[in-house]
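Have a look at the structure below before the remarks.
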Amino acid sequence: MFRNSPEPRFEYRAFCLESRLANGLSLIGGVVSNPSGKYEFVGGFPSAETVAEVYDEIDLNRAVSAYRFFFPSVSFYIVYKGNLQSGAVANSTFVVVTDALHMRCFTPNSDTPYAGLVFDVSDGPMVLELPPGPLMGTVNDLNQLWVLDCGLPGPDRGQGGRHLMLPPDYDGPVPDGYNVGRGTTNRLVNLLRALPAHGDLAGAIDLVKTVKVYPLGGEPVDLRWVDLDFSVEYSPASLELGMGYWETLNELIQNEPAYLDYRFAYADLAELGMVKGQPFEPDERMTKILVQAAEIGHAQLCVESFADRRNERVVWPGTQWEWAVLRPENGTFDAGSYNDLYAREKWFYQAQVESPAMFARAPGAGSLYWAAAKDANGDYFDGSNTYKLSVPLPVPDKLFWSLTLYDAETRAEMAAEQPSAALRSLVELTPQRIGDGDHVDLFVGPEQPEDAEGRWLQSNPGKGWFVYFRIYGPEEAAFDGSWRLGDFQRLS
């Protein structure tokens, strides 16, 4: 139509100008600008100042988006490196954790002992073979994507089984009789928890040490076991606000295969100067932008995690308890027609590892996690104050339950003079210790209240904190509302 008639073309140009004016733009001396005067266009072209300003904004927006998206990858790559620094050797050496109080990672727990084994399947598939017994485990790749579950929450249901991990590009035969998983990276992390029957911690560790590891079709390797080095970082907390974040991400990008589903996100990194197979050498301008993006991205993740605005976060209406993870369907944040990045970001800011068994909201699931960061008045927890939580008894668990205290800044267990940051039904809160009443009162504060021996967790004045209430082997009452926690009450 426009090609054969000049009048409609004129009318179209007039319409465009009217539209610009209606949307807050003004035409002054041939310059189109917005009311703030931030952008300037002369004859339809951007001024030199506008070009510089806009490119800074484009790069900053890309960097903030990339920071948020790749946070799980950076976080779990540090877990992998932490295992190596503690003495782990891929495919052959487990790192054993009996108490996570001083472990520098996101929301660990000391409920039971557990062991971590890092796998490298660059040279071919590897097998993890579990004995029958109360073991719980999962494997994630370095993008912190779920690979497989094993033990009680896995297909073997604690009856023992062989679990096969394939390289990303593996196209060889896969024999029957294996629980099979394929990661998006060659390096993987297996976390294996042992449930101590009747409080037998030594027996639980002995059971873990009967697992076998071997190449597909090969002989079991001679496994070694080393204790965790608590001086080692297992989270990005110390580098998440600066260039260390981007340098760590680049190291991962350079040393793992590109993942097809992340191509759109790699495009953002490429515009920022980070491309697989090329040196990452940001200039002064880009370095400034990347540091600013880390600060902004971190603030956004923190707000989503500790000031969640979604209605579905609430466990019981009228309380401050929230689901630590918003999507229970599959353990991968898949919402059907889209990937729920908000839920993904909330979880990975304060936690590490994803698994269907961890996220499922159904009786018999591996575990559930409820989080609280505010008291009954809606105020964030302050380490200078003392709080009480009344827990109705019995708790609807088939295995055990616990309350763990975390530092809001580091998201690690709260380290204080007290030698524990958890109250556990297997240790401090056994039926023999708390009796058969209809509830048990638990306390958090800087000093132990009177008559609270074995039921108190110590906070640090001046430190914000939050808690996870975990139930392992949750029963129906944990989901149908017939059993519920009240809020923390501030006592002082």
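By order of appearance in the structure tokens: chains A, B, ..., then residues from 1 within every chain, and ligands from 1 in the order shown.
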
Please provide the set of residues having any atom within 9 Å of range 117-126 of chain A, restricted to only C-alpha atoms, with same-chain residues fewer than 4 positions apart removed, written as a PyMOL selection string.
chain A and resi 80+83-84+88-95+163-168+170+185-192+213-216

For Trp465 in chain A, work out the shell of residues within 7 Å, counting only C-alpha atoms and skipping chain neighbours fewer than 4 positions away, then give it as an NGL selection string.
:A and (373 or 381-383 or 405-408)

Residue subset to file, keeping N, CA and C atoms, as a tab-separated table (two decimals), in the first residue's frame:
```
chain	number	residue	atom	x	y	z
A	373	ALA	N	12.76	-17.07	58.02
A	373	ALA	CA	13.72	-16.00	58.26
A	373	ALA	C	13.10	-14.87	59.07
A	381	PHE	N	14.90	-12.33	61.70
A	381	PHE	CA	15.55	-12.79	62.92
A	381	PHE	C	16.84	-11.99	63.17
A	382	ASP	N	17.02	-11.58	64.42
A	382	ASP	CA	18.17	-10.80	64.86
A	382	ASP	C	18.94	-11.63	65.88
A	383	GLY	N	20.22	-11.83	65.64
A	383	GLY	CA	21.02	-12.67	66.52
A	383	GLY	C	21.16	-12.15	67.93
A	405	LEU	N	20.34	-24.02	62.07
A	405	LEU	CA	20.49	-22.57	62.12
A	405	LEU	C	21.58	-22.11	61.15
A	406	TYR	N	21.26	-21.09	60.32
A	406	TYR	CA	22.19	-20.61	59.31
A	406	TYR	C	22.43	-19.10	59.42
A	407	ASP	N	23.65	-18.71	59.08
A	407	ASP	CA	24.05	-17.31	58.99
A	407	ASP	C	23.48	-16.75	57.69
A	408	ALA	N	22.69	-15.68	57.76
A	408	ALA	CA	22.03	-15.15	56.56
A	408	ALA	C	23.03	-14.61	55.55
```

When DSSP is applied to the backbone of this structure, which of range 257-479 of chain A are assigned alpha helix (DSSP H)? Write them out as JSON, numbers by chain.
{"A": [263, 264, 265, 266, 267, 268, 269, 270, 271, 284, 285, 286, 287, 288, 289, 290, 291, 292, 293, 294, 295, 296, 297, 298, 299, 300, 301, 302, 303, 304, 305, 306, 341, 342, 343, 344, 345, 346, 347, 348, 349, 350, 356, 357, 358, 359, 431, 432, 433, 434, 477, 478, 479]}

As an MDAnalysis selection string, please: all residues of range 112-198 of chain A that backbone DSSP puts in strand (DSSP E or B).
chainID A and resid 114:120 126:130 135:141 146:151 161:166 179:182 187:194

Of the candidates A:Gly183, A:Pro449, A:Gly273, A:Pro46, which one gets nearest to Arg62 in chain A if we count only C-alpha atoms?
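Looking only at the distances to Arg62 in chain A, the closest residue turns out to be A:Gly273.
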
Closest atom pairs, range 259-303 of chain A residues within 9 Å of range 246-252 of chain A, only C-alpha atoms, as a tab-separated table:
```
residue	atom	partner	partner_atom	distance
A:Met274	CA	A:Asn250	CA	6.6
A:Val275	CA	A:Asn250	CA	8.1
A:Lys276	CA	A:Asn250	CA	8.1
A:Phe280	CA	A:Asn250	CA	7.2
A:Leu290	CA	A:Trp246	CA	7.7
A:Val291	CA	A:Trp246	CA	8.8
A:Ala294	CA	A:Trp246	CA	8.6
```

Quick one: residues within 9 Å of range 412-426 of chain A, only C-alpha atoms counted, chain neighbours fewer than 3 positions away excluded, as a compact mmCIF listing (two decimals) with N, CA and C atoms, in the first residue's frame?
```txt
# COMPACT_ATOMS: atom_id res chain seq x y z
N ASP A 99 30.43 -33.73 60.63
CA ASP A 99 29.81 -32.57 61.25
C ASP A 99 30.09 -31.37 60.35
N ALA A 100 29.04 -30.72 59.87
CA ALA A 100 29.19 -29.63 58.90
C ALA A 100 29.21 -28.25 59.54
N LEU A 101 29.41 -28.17 60.86
CA LEU A 101 29.31 -26.89 61.55
C LEU A 101 30.21 -25.83 60.94
N HIS A 102 31.44 -26.19 60.62
CA HIS A 102 32.38 -25.20 60.08
C HIS A 102 32.60 -25.38 58.58
N MET A 103 31.71 -26.10 57.93
CA MET A 103 31.82 -26.29 56.49
C MET A 103 31.33 -25.03 55.77
N ARG A 104 32.13 -24.51 54.87
CA ARG A 104 31.81 -23.25 54.21
C ARG A 104 31.07 -23.51 52.90
N CYS A 105 29.82 -23.93 53.05
CA CYS A 105 28.96 -24.15 51.88
C CYS A 105 27.55 -23.70 52.22
N PHE A 106 26.67 -23.72 51.25
CA PHE A 106 25.30 -23.24 51.45
C PHE A 106 24.43 -24.31 52.12
N THR A 107 23.81 -23.91 53.22
CA THR A 107 22.84 -24.72 53.98
C THR A 107 23.18 -26.20 54.06
N PRO A 108 24.40 -26.54 54.53
CA PRO A 108 24.68 -27.95 54.80
C PRO A 108 23.94 -28.35 56.06
N ASN A 109 24.03 -29.60 56.44
CA ASN A 109 23.46 -30.01 57.72
C ASN A 109 24.30 -31.11 58.34
N SER A 110 24.16 -31.21 59.64
CA SER A 110 24.91 -32.20 60.41
C SER A 110 23.98 -33.30 60.92
N ASP A 111 22.89 -33.53 60.19
CA ASP A 111 21.92 -34.52 60.64
C ASP A 111 22.51 -35.93 60.66
N THR A 112 23.27 -36.25 59.62
CA THR A 112 23.90 -37.55 59.52
C THR A 112 25.26 -37.36 58.85
N PRO A 196 22.15 -43.21 60.35
CA PRO A 196 22.64 -44.05 61.47
C PRO A 196 21.49 -44.75 62.20
N HIS A 198 19.54 -46.33 64.94
CA HIS A 198 19.62 -46.25 66.40
C HIS A 198 20.78 -45.38 66.85
N GLY A 199 21.11 -44.33 66.07
CA GLY A 199 22.17 -43.41 66.45
C GLY A 199 23.57 -43.93 66.26
N SER A 235 31.51 -22.79 48.75
CA SER A 235 30.45 -21.93 48.22
C SER A 235 31.10 -20.70 47.60
N GLN A 350 20.57 -19.86 48.26
CA GLN A 350 20.75 -20.29 49.64
C GLN A 350 21.02 -21.79 49.79
N PHE A 400 13.61 -39.22 60.36
CA PHE A 400 14.02 -38.31 61.42
C PHE A 400 13.72 -36.88 60.98
N TRP A 401 13.92 -35.91 61.89
CA TRP A 401 13.69 -34.51 61.58
C TRP A 401 14.75 -33.66 62.28
N SER A 402 14.88 -32.42 61.85
CA SER A 402 15.90 -31.55 62.45
C SER A 402 15.56 -30.08 62.23
N LEU A 403 16.17 -29.23 63.04
CA LEU A 403 16.13 -27.78 62.88
C LEU A 403 17.57 -27.30 62.82
N THR A 404 17.94 -26.59 61.75
CA THR A 404 19.32 -26.15 61.57
C THR A 404 19.37 -24.64 61.41
N LEU A 405 20.34 -24.02 62.07
CA LEU A 405 20.49 -22.57 62.12
C LEU A 405 21.58 -22.11 61.15
N TYR A 406 21.26 -21.09 60.32
CA TYR A 406 22.19 -20.61 59.31
C TYR A 406 22.43 -19.10 59.42
N ASP A 407 23.65 -18.71 59.08
CA ASP A 407 24.05 -17.31 58.99
C ASP A 407 23.48 -16.75 57.69
N ALA A 408 22.69 -15.68 57.76
CA ALA A 408 22.03 -15.15 56.56
C ALA A 408 23.03 -14.61 55.55
N GLU A 409 24.18 -14.16 56.01
CA GLU A 409 25.15 -13.58 55.09
C GLU A 409 25.91 -14.65 54.32
N LEU A 429 17.22 -34.56 70.28
CA LEU A 429 15.77 -34.58 70.48
C LEU A 429 15.17 -35.97 70.35
N THR A 430 15.87 -36.96 70.85
CA THR A 430 15.34 -38.32 70.83
C THR A 430 14.14 -38.41 71.78
N PRO A 431 13.25 -39.37 71.56
CA PRO A 431 12.11 -39.52 72.48
C PRO A 431 12.54 -39.67 73.93
N LEU A 442 11.77 -25.29 71.41
CA LEU A 442 13.15 -25.09 70.98
C LEU A 442 13.46 -23.60 71.03
N PRO A 446 21.32 -15.64 71.82
CA PRO A 446 22.75 -15.53 72.16
C PRO A 446 23.14 -16.25 73.43
N GLY A 454 19.96 -28.80 75.70
CA GLY A 454 19.68 -29.74 74.62
C GLY A 454 18.58 -29.28 73.68
N ARG A 455 18.03 -28.08 73.91
CA ARG A 455 16.95 -27.56 73.06
C ARG A 455 17.20 -26.13 72.61
N TRP A 456 18.48 -25.74 72.59
CA TRP A 456 18.84 -24.36 72.31
C TRP A 456 19.95 -24.30 71.25
N LEU A 457 19.81 -23.35 70.32
CA LEU A 457 20.84 -23.06 69.34
C LEU A 457 21.33 -21.64 69.55
N GLN A 458 22.64 -21.46 69.49
CA GLN A 458 23.23 -20.16 69.81
C GLN A 458 23.38 -19.28 68.57
N SER A 459 22.84 -18.07 68.65
CA SER A 459 23.00 -17.08 67.58
C SER A 459 24.09 -16.08 67.97
N ASN A 460 24.54 -15.32 67.00
CA ASN A 460 25.57 -14.31 67.24
C ASN A 460 24.94 -12.93 67.17
N TRP A 465 19.88 -14.37 60.86
CA TRP A 465 19.90 -15.82 60.69
C TRP A 465 18.57 -16.31 60.13
```

Report, in Å to a single decimal, how far apart CA of Asn61 in chain A and CA of Asn339 in chain A are.
20.2 Å
